[in-house]
$ cat query25.txt   # compact mmCIF, C-alpha atoms
# COMPACT_ATOMS: atom_id res chain seq x y z
CA MET J 1194 0.00 0.00 0.00
CA LYS J 1195 2.80 2.35 0.95
CA HIS J 1196 4.67 1.46 -2.25
CA THR J 1197 1.53 2.14 -4.34
CA ALA J 1198 1.04 5.56 -2.73
CA HIS J 1199 4.69 6.42 -3.38
CA SER J 1200 4.35 5.39 -7.05
CA LEU J 1201 1.18 7.47 -7.48
CA LEU J 1202 2.95 10.49 -5.96
CA LEU J 1203 5.85 10.12 -8.38
CA LEU J 1204 3.44 9.82 -11.31
CA PHE J 1205 1.60 12.96 -10.18
CA LEU J 1206 4.84 14.94 -9.85
CA PHE J 1207 6.02 13.73 -13.26
CA ALA J 1208 2.72 14.70 -14.87
CA LEU J 1209 2.86 18.11 -13.19
CA LEU J 1210 6.41 18.67 -14.40
CA PHE J 1211 5.54 17.54 -17.93
CA SER J 1212 2.49 19.80 -18.14
CA ALA J 1213 4.57 22.77 -16.93
CA CYS J 1214 7.24 22.11 -19.58
CA ALA J 1215 4.60 21.79 -22.29
CA SER J 1216 2.68 24.93 -21.33
CA THR J 1217 1.95 27.26 -24.22
CA LYS J 1218 3.43 30.73 -24.09
CA PRO J 1219 0.74 33.41 -24.58
CA TYR J 1220 0.94 35.67 -27.61
CA SER J 1221 2.76 38.98 -27.40
CA TYR J 1222 3.78 41.28 -30.25
CA PRO J 1223 6.12 40.71 -31.95
CA ASN J 1224 6.28 36.94 -31.57
CA TYR J 1225 9.68 35.90 -32.88
CA ASP J 1226 9.15 32.21 -32.16
CA ILE J 1227 9.18 30.37 -35.49
CA ILE J 1228 6.22 28.01 -35.73
CA LYS J 1229 7.00 25.25 -38.21
CA PRO J 1230 3.95 24.37 -40.35
CA GLU J 1231 2.79 20.77 -40.58
CA LYS J 1232 3.05 19.07 -43.94
CA ILE J 1233 -0.52 18.82 -45.22
CA CYS J 1234 -0.11 18.35 -48.98
CA LYS J 1235 2.27 17.41 -51.79
CA PRO J 1236 4.51 20.01 -53.46
CA ASN J 1237 2.83 21.14 -56.67
CA ARG J 1238 1.40 24.31 -58.18
CA LYS J 1239 -2.18 23.23 -57.56
CA ASN J 1240 -1.55 23.07 -53.82
CA ILE J 1241 0.41 26.34 -53.86
CA GLU J 1242 -2.65 27.98 -55.42
CA ALA J 1243 -5.03 26.38 -52.90
CA LEU J 1244 -2.95 27.50 -49.91
CA LEU J 1245 -2.44 30.99 -51.26
CA THR J 1246 -6.13 31.42 -52.06
CA SER J 1247 -7.04 30.48 -48.49
CA TYR J 1248 -4.60 33.10 -47.16
CA LEU J 1249 -5.56 36.06 -49.36
CA GLY J 1250 -6.91 38.92 -47.25
CA LYS J 1251 -5.36 37.65 -44.03
CA PRO J 1252 -3.80 40.49 -42.01
CA TYR J 1253 -0.15 41.44 -42.10
CA VAL J 1254 1.47 40.98 -38.68
CA TRP J 1255 5.24 41.26 -38.31
CA ALA J 1256 7.04 37.98 -37.45
CA GLU J 1257 3.97 35.80 -38.01
CA GLU J 1258 3.89 32.72 -40.23
CA GLY J 1259 0.19 31.90 -40.12
CA PRO J 1260 -2.27 30.48 -40.32
CA ASP J 1261 -4.27 33.62 -39.40
CA SER J 1262 -1.68 36.32 -40.12
CA PHE J 1263 1.62 36.65 -41.93
CA ASP J 1264 4.57 38.84 -42.70
CA CYS J 1265 6.09 38.55 -46.18
CA SER J 1266 8.54 35.72 -45.55
CA GLY J 1267 6.15 34.06 -43.11
CA LEU J 1268 3.71 33.58 -45.99
CA THR J 1269 6.25 31.90 -48.26
CA TYR J 1270 7.69 29.89 -45.35
CA ASN J 1271 4.22 28.59 -44.54
CA ILE J 1272 3.22 27.69 -48.10
CA TYR J 1273 6.37 25.79 -48.91
CA GLY J 1274 6.58 24.25 -45.44
CA SER J 1275 2.98 23.02 -45.73
CA MET J 1276 4.11 21.07 -48.81
CA GLY J 1277 7.08 19.56 -46.98
CA ILE J 1278 9.68 21.85 -48.55
CA ASP J 1279 11.77 23.33 -45.74
CA ILE J 1280 13.06 26.82 -46.51
CA PRO J 1281 14.47 29.43 -44.09
CA ARG J 1282 12.11 31.72 -42.21
CA THR J 1283 13.38 35.17 -43.25
CA ALA J 1284 13.43 36.71 -46.72
CA SER J 1285 17.19 37.36 -46.64
CA GLU J 1286 17.86 33.69 -45.84
CA GLN J 1287 15.25 32.38 -48.30
CA ALA J 1288 17.03 34.33 -51.06
CA LYS J 1289 20.21 32.31 -50.45
CA MET J 1290 18.50 29.03 -51.36
CA GLY J 1291 17.17 27.55 -54.55
CA ARG J 1292 17.96 28.10 -58.20
CA SER J 1293 18.44 31.65 -59.49
CA ILE J 1294 15.99 32.40 -62.32
CA PRO J 1295 15.86 35.38 -64.73
CA PHE J 1296 12.70 37.44 -64.31
CA ALA J 1297 11.64 36.58 -67.88
CA ASN J 1298 11.69 32.84 -67.05
CA LEU J 1299 9.61 32.93 -63.87
CA HIS J 1300 6.71 30.54 -63.46
CA TYR J 1301 3.96 30.10 -60.87
CA GLY J 1302 5.32 29.60 -57.36
CA ASP J 1303 8.78 31.08 -57.88
CA LEU J 1304 9.86 33.66 -55.31
CA ILE J 1305 10.92 37.23 -56.04
CA PHE J 1306 13.08 39.08 -53.54
CA PHE J 1307 13.14 42.84 -53.13
CA GLY J 1308 15.29 45.45 -51.42
CA SER J 1309 15.86 49.17 -51.81
CA THR J 1310 15.90 50.98 -55.16
CA ASN J 1311 19.66 51.41 -54.76
CA LYS J 1312 21.06 49.00 -57.36
CA ARG J 1313 24.32 48.57 -55.46
CA SER J 1314 22.52 47.43 -52.31
CA LYS J 1315 22.14 43.65 -51.96
CA ARG J 1316 20.03 43.80 -48.81
CA ILE J 1317 16.76 41.84 -49.00
CA ASN J 1318 13.74 43.11 -47.07
CA HIS J 1319 10.70 41.72 -48.91
CA VAL J 1320 9.57 38.63 -50.80
CA GLY J 1321 6.63 37.80 -53.05
CA MET J 1322 5.39 34.74 -54.95
CA TYR J 1323 5.07 34.94 -58.73
CA LEU J 1324 1.69 34.06 -60.22
CA GLY J 1325 2.30 34.72 -63.92
CA ASN J 1326 1.67 37.57 -66.38
CA GLY J 1327 3.30 40.13 -64.10
CA TRP J 1328 1.20 39.30 -61.02
CA PHE J 1329 2.66 38.32 -57.66
CA ALA J 1330 1.24 37.63 -54.21
CA HIS J 1331 2.75 38.92 -50.99
CA ALA J 1332 2.01 39.84 -47.40
CA SER J 1333 2.20 43.62 -47.71
CA SER J 1334 3.09 45.88 -44.79
CA LYS J 1335 1.76 48.80 -46.88
CA TYR J 1336 -1.71 47.29 -47.37
CA ARG J 1337 -1.57 45.39 -44.06
CA ARG J 1338 -2.79 42.13 -45.62
CA VAL J 1339 -1.95 39.27 -47.96
CA THR J 1340 -2.67 40.68 -51.39
CA ILE J 1341 -1.88 40.46 -55.11
CA SER J 1342 0.06 43.16 -56.98
CA HIS J 1343 1.12 43.75 -60.58
CA PHE J 1344 4.48 45.06 -61.73
CA GLU J 1345 2.96 47.46 -64.27
CA LYS J 1346 0.57 48.95 -61.74
CA GLU J 1347 3.27 49.24 -59.08
CA PRO J 1348 6.51 49.77 -61.07
CA LYS J 1349 8.52 50.55 -57.94
CA TYR J 1350 8.70 46.81 -57.31
CA VAL J 1351 10.62 46.38 -60.57
CA LYS J 1352 13.24 48.86 -59.33
CA ARG J 1353 13.41 47.08 -55.98
CA MET J 1354 13.86 43.57 -57.42
CA LYS J 1355 17.12 41.88 -56.39
CA VAL J 1356 16.90 38.17 -57.24
CA CYS J 1357 14.37 35.49 -58.25
CA LYS J 1358 14.55 31.94 -56.93
CA ARG J 1359 12.97 28.59 -57.76
CA TYR J 1360 12.55 25.75 -55.30
CA LEU J 1361 10.24 23.48 -57.29
CA SER J 1362 10.97 22.52 -60.90
CA LYS J 1363 8.46 23.02 -63.71
CA ASP J 1364 7.68 19.30 -63.85
CA GLU J 1365 7.31 19.36 -60.02
CA ARG J 1366 9.72 16.42 -59.67
CA ASN J 1367 12.90 18.19 -58.61
CA ARG J 1368 13.55 20.46 -55.65
CA TYR J 1369 16.33 23.03 -55.79
CA MET J 1370 17.51 23.26 -52.19
CA ASN J 1371 21.13 24.27 -52.83
CA CYS J 1372 22.53 27.22 -50.88
CA ASP J 1373 24.71 30.01 -52.26
CA VAL J 1374 26.20 30.71 -48.83
CA PRO J 1375 25.83 29.17 -45.36
CA LEU J 1376 22.45 29.71 -43.75
CA LYS J 1377 21.83 31.02 -40.27
CA LYS J 1378 20.54 28.37 -37.90
CA MET J 1379 17.02 29.18 -36.68
CA ASP J 1380 15.21 27.22 -33.99
CA VAL J 1381 11.62 26.26 -34.74
CA THR J 1382 8.75 25.34 -32.46
CA SER J 1383 5.05 24.51 -32.67
CA THR J 1384 1.73 25.84 -31.39
CA ARG J 1385 2.17 23.46 -28.46
CA TYR J 1386 4.75 25.84 -27.00
CA THR J 1387 3.88 29.27 -28.36
CA THR J 1388 0.73 31.10 -29.46
CA PRO J 1389 0.57 32.73 -32.90
CA TRP J 1390 -1.57 35.77 -33.67
CA LYS J 1391 -5.18 34.62 -34.02
CA THR J 1392 -8.28 36.10 -35.59
CA GLY J 1393 -10.02 38.27 -33.01
CA MET J 1394 -6.83 39.61 -31.49
CA SER J 1395 -6.11 43.31 -31.90
CA LEU J 1396 -3.82 44.31 -34.74
CA PRO J 1397 -0.62 46.20 -33.90
CA LYS J 1398 -0.74 49.94 -34.63
CA LYS J 1399 2.54 49.77 -36.54
CA ALA J 1400 3.00 47.22 -39.31
CA VAL J 1401 6.71 47.01 -38.54
CA PRO J 1402 7.85 47.45 -34.92
CA SER J 1403 10.38 50.22 -34.31
$ encode --input "query25.txt" --output "structure tokens"
Amino acid sequence: MKHTAHSLLLLFLFALLFSACASTKPYSYPNYDIIKPEKICKPNRKNIEALLTSYLGKPYVWAEEGPDSFDCSGLTYNIYGSMGIDIPRTASEQAKMGRSIPFANLHYGDLIFFGSTNKRSKRINHVGMYLGNGWFAHASSKYRRVTISHFEKEPKYVKRMKVCKRYLSKDERNRYMNCDVPLKKMDVTSTRYTTPWKTGMSLPKKAVPS
């Protein structure tokens, strides 16, 4: 009897310790914890389109990677990650991976990376996903949502373009995961340990924190 009580006490303490370790951190802005998306579909353009369509209109929130809000690289990180293609979390790191593609050869799902209008600057601060015929989707800090833009209607993006990358081949069989330079290691987590921005929460007053 005494042994049973001792065992039950140990089990209780272990369960208490485990629940404390697995407690979810409440959301606070900005949430820099990187929540890795679960693989839910195969990598192909049809699934890219389905994921992107479901995210259009979602609010822009700095450092978020979905599913209810995104920043620019959080959107691309989520879409490719949901197809089982692991790419870095930030735009500057995403631009180091994949196969460089001339703008004229872009196809649906390729990523376009932007920086300042200074041609000598190589700094990357924005990313969008090409849709064809001059259209691209992105989580825009200007419009505060996931939206679609066109290069002719917003020519400044042409001047800001730095590099275009492809991760998934046209026949959808090959994945270009080579890196131009070493990538920064970034720890990832899940919603079990941290809370992302959710619909119903207040939006931050500034799109980008100072």
$ atom_distance --input "query25.txt" --atom1 "atom CA of J:Ser1262" --atom2 "atom CA of J:Arg1338"
8.1 Å
$ residues_around --input "query25.txt" --residues "stretch 1315-1329 of chain J" --least-positions-apart "6" --cutoff "6 Å" --atoms "all atoms listed in the file" --output "VMD selection string"
chain J and resid 1265 1284 to 1285 1301 to 1308 1341 to 1344
$ residues_around --input "query25.txt" --residues "J:Asn1271" --least-positions-apart "5" --cutoff "12 Å" --atoms "all atoms listed in the file" --output "ChimeraX atom specification"
/J:1227-1234,1241,1244-1245,1248,1257-1266,1276-1283,1332
$ write_last_selection --input "query25.txt" --atoms "C-alpha atoms" --output "PDB file, keeping the file's coordinate frame"
ATOM      1  CA  ILE J1227       9.180  30.370 -35.490  1.00  0.00           C
ATOM      2  CA  ILE J1228       6.220  28.010 -35.730  1.00  0.00           C
ATOM      3  CA  LYS J1229       7.000  25.250 -38.210  1.00  0.00           C
ATOM      4  CA  PRO J1230       3.950  24.370 -40.350  1.00  0.00           C
ATOM      5  CA  GLU J1231       2.790  20.770 -40.580  1.00  0.00           C
ATOM      6  CA  LYS J1232       3.050  19.070 -43.940  1.00  0.00           C
ATOM      7  CA  ILE J1233      -0.520  18.820 -45.220  1.00  0.00           C
ATOM      8  CA  CYS J1234      -0.110  18.350 -48.980  1.00  0.00           C
ATOM      9  CA  ILE J1241       0.410  26.340 -53.860  1.00  0.00           C
ATOM     10  CA  LEU J1244      -2.950  27.500 -49.910  1.00  0.00           C
ATOM     11  CA  LEU J1245      -2.440  30.990 -51.260  1.00  0.00           C
ATOM     12  CA  TYR J1248      -4.600  33.100 -47.160  1.00  0.00           C
ATOM     13  CA  GLU J1257       3.970  35.800 -38.010  1.00  0.00           C
ATOM     14  CA  GLU J1258       3.890  32.720 -40.230  1.00  0.00           C
ATOM     15  CA  GLY J1259       0.190  31.900 -40.120  1.00  0.00           C
ATOM     16  CA  PRO J1260      -2.270  30.480 -40.320  1.00  0.00           C
ATOM     17  CA  ASP J1261      -4.270  33.620 -39.400  1.00  0.00           C
ATOM     18  CA  SER J1262      -1.680  36.320 -40.120  1.00  0.00           C
ATOM     19  CA  PHE J1263       1.620  36.650 -41.930  1.00  0.00           C
ATOM     20  CA  ASP J1264       4.570  38.840 -42.700  1.00  0.00           C
ATOM     21  CA  CYS J1265       6.090  38.550 -46.180  1.00  0.00           C
ATOM     22  CA  SER J1266       8.540  35.720 -45.550  1.00  0.00           C
ATOM     23  CA  MET J1276       4.110  21.070 -48.810  1.00  0.00           C
ATOM     24  CA  GLY J1277       7.080  19.560 -46.980  1.00  0.00           C
ATOM     25  CA  ILE J1278       9.680  21.850 -48.550  1.00  0.00           C
ATOM     26  CA  ASP J1279      11.770  23.330 -45.740  1.00  0.00           C
ATOM     27  CA  ILE J1280      13.060  26.820 -46.510  1.00  0.00           C
ATOM     28  CA  PRO J1281      14.470  29.430 -44.090  1.00  0.00           C
ATOM     29  CA  ARG J1282      12.110  31.720 -42.210  1.00  0.00           C
ATOM     30  CA  THR J1283      13.380  35.170 -43.250  1.00  0.00           C
ATOM     31  CA  ALA J1332       2.010  39.840 -47.400  1.00  0.00           C
TER      32      ALA J1332
END
$ closest_residue --input "query25.txt" --among "J:Val1374, J:Val1381, J:Val1254, J:Ile1294" --to "J:Pro1397" --atoms "all atoms listed in the file"
J:Val1254
$ residues_around --input "query25.txt" --residues "J:Tyr1369" --least-positions-apart "3" --cutoff "6 Å" --atoms "all atoms listed in the file" --output "VMD selection string"
chain J and resid 1291 to 1292 1360
$ closest_atom_pairs --input "query25.txt" --of "stretch 1274-1389 of chain J" --to "stretch 1400-1403 of chain J" --cutoff "9 Å" --atoms "only C-alpha atoms" --output "tab-separated table"
residue	atom	partner	partner_atom	distance
J:Ser1334	CA	J:Ala1400	CA	5.6
J:Lys1335	CA	J:Ala1400	CA	7.8
J:Arg1337	CA	J:Ala1400	CA	6.8
$ write_last_selection --input "query25.txt" --atoms "C-alpha atoms" --output "PDB file, keeping the file's coordinate frame"
ATOM      1  CA  SER J1334       3.090  45.880 -44.790  1.00  0.00           C
ATOM      2  CA  LYS J1335       1.760  48.800 -46.880  1.00  0.00           C
ATOM      3  CA  ARG J1337      -1.570  45.390 -44.060  1.00  0.00           C
TER       4      ARG J1337
END
$ residues_around --input "query25.txt" --residues "J:Leu1396" --least-positions-apart "5" --cutoff "9 Å" --atoms "all atoms listed in the file" --output "NGL selection string"
:J and (1252-1254 or 1390)
$ atom_distance --input "query25.txt" --atom1 "atom CA of J:Lys1391" --atom2 "atom CA of J:Ala1256"
13.1 Å
$ closest_residue --input "query25.txt" --among "J:Ser1221, J:Glu1286, J:Gly1393, J:Lys1235" --to "J:Trp1255" --atoms "all atoms listed in the file"
J:Ser1221
$ closest_residue --input "query25.txt" --among "J:Asn1237, J:Pro1389, J:Lys1398, J:Met1370" --to "J:Ser1293" --atoms "all atoms listed in the file"
J:Met1370
$ atom_distance --input "query25.txt" --atom1 "atom CA of J:Leu1268" --atom2 "atom CA of J:Thr1382"
16.6 Å
$ decode --input "query25.txt" --residues "stretch 1270-1301 of chain J" --atoms "N, CA and C atoms" --output "short mmCIF file (atom, residue, chain, number, x, y, z; two decimals), in the first residue's frame"
data_model
loop_
_atom_site.label_atom_id
_atom_site.label_comp_id
_atom_site.auth_asym_id
_atom_site.auth_seq_id
_atom_site.Cartn_x
_atom_site.Cartn_y
_atom_site.Cartn_z
N TYR J 1270 7.23 30.97 -46.24
CA TYR J 1270 7.69 29.89 -45.35
C TYR J 1270 6.56 28.91 -45.08
N ASN J 1271 5.36 29.43 -44.83
CA ASN J 1271 4.22 28.59 -44.54
C ASN J 1271 3.80 27.76 -45.74
N ILE J 1272 3.70 28.40 -46.91
CA ILE J 1272 3.22 27.69 -48.10
C ILE J 1272 4.16 26.56 -48.48
N TYR J 1273 5.44 26.85 -48.54
CA TYR J 1273 6.37 25.79 -48.91
C TYR J 1273 6.50 24.74 -47.80
N GLY J 1274 6.50 25.19 -46.56
CA GLY J 1274 6.58 24.25 -45.44
C GLY J 1274 5.37 23.33 -45.37
N SER J 1275 4.20 23.83 -45.73
CA SER J 1275 2.98 23.02 -45.73
C SER J 1275 3.02 21.93 -46.79
N MET J 1276 3.93 22.09 -47.77
CA MET J 1276 4.11 21.07 -48.81
C MET J 1276 5.32 20.18 -48.52
N GLY J 1277 5.94 20.37 -47.35
CA GLY J 1277 7.08 19.56 -46.98
C GLY J 1277 8.40 20.04 -47.52
N ILE J 1278 8.44 21.27 -48.05
CA ILE J 1278 9.68 21.85 -48.55
C ILE J 1278 10.18 22.85 -47.51
N ASP J 1279 11.25 22.49 -46.82
CA ASP J 1279 11.77 23.33 -45.74
C ASP J 1279 12.67 24.44 -46.31
N ILE J 1280 12.25 25.67 -46.12
CA ILE J 1280 13.06 26.82 -46.51
C ILE J 1280 13.26 27.69 -45.27
N PRO J 1281 14.25 28.57 -45.27
CA PRO J 1281 14.47 29.43 -44.09
C PRO J 1281 13.27 30.33 -43.81
N ARG J 1282 13.25 30.92 -42.64
CA ARG J 1282 12.11 31.72 -42.21
C ARG J 1282 12.15 33.15 -42.75
N THR J 1283 13.32 33.77 -42.85
CA THR J 1283 13.38 35.17 -43.25
C THR J 1283 13.66 35.32 -44.74
N ALA J 1284 13.25 36.47 -45.29
CA ALA J 1284 13.43 36.71 -46.72
C ALA J 1284 14.90 36.69 -47.12
N SER J 1285 15.76 37.30 -46.31
CA SER J 1285 17.19 37.36 -46.64
C SER J 1285 17.80 35.96 -46.70
N GLU J 1286 17.35 35.06 -45.83
CA GLU J 1286 17.86 33.69 -45.84
C GLU J 1286 17.22 32.87 -46.95
N GLN J 1287 15.92 33.08 -47.20
CA GLN J 1287 15.25 32.38 -48.30
C GLN J 1287 15.92 32.68 -49.64
N ALA J 1288 16.41 33.90 -49.79
CA ALA J 1288 17.03 34.33 -51.06
C ALA J 1288 18.37 33.63 -51.31
N LYS J 1289 18.95 33.01 -50.29
CA LYS J 1289 20.21 32.31 -50.45
C LYS J 1289 20.03 30.90 -51.01
N MET J 1290 18.78 30.41 -50.96
CA MET J 1290 18.50 29.03 -51.36
C MET J 1290 17.87 28.97 -52.74
N GLY J 1291 17.87 27.78 -53.30
CA GLY J 1291 17.17 27.55 -54.55
C GLY J 1291 17.99 27.88 -55.78
N ARG J 1292 17.32 27.86 -56.90
CA ARG J 1292 17.96 28.10 -58.20
C ARG J 1292 17.63 29.51 -58.68
N SER J 1293 18.66 30.29 -59.00
CA SER J 1293 18.44 31.65 -59.49
C SER J 1293 17.81 31.60 -60.89
N ILE J 1294 16.76 32.41 -61.08
CA ILE J 1294 15.99 32.40 -62.32
C ILE J 1294 15.89 33.84 -62.86
N PRO J 1295 16.11 34.05 -64.16
CA PRO J 1295 15.86 35.38 -64.73
C PRO J 1295 14.38 35.73 -64.62
N PHE J 1296 14.09 37.00 -64.45
CA PHE J 1296 12.70 37.44 -64.31
C PHE J 1296 11.84 36.97 -65.49
N ALA J 1297 12.40 36.97 -66.69
CA ALA J 1297 11.64 36.58 -67.88
C ALA J 1297 11.26 35.10 -67.88
N ASN J 1298 11.95 34.29 -67.07
CA ASN J 1298 11.69 32.84 -67.05
C ASN J 1298 10.90 32.38 -65.83
N LEU J 1299 10.37 33.31 -65.06
CA LEU J 1299 9.61 32.93 -63.87
C LEU J 1299 8.35 32.14 -64.22
N HIS J 1300 8.01 31.20 -63.35
CA HIS J 1300 6.71 30.54 -63.46
C HIS J 1300 6.04 30.51 -62.09
N TYR J 1301 4.80 30.07 -62.08
CA TYR J 1301 3.96 30.10 -60.87
C TYR J 1301 4.69 29.43 -59.69
#
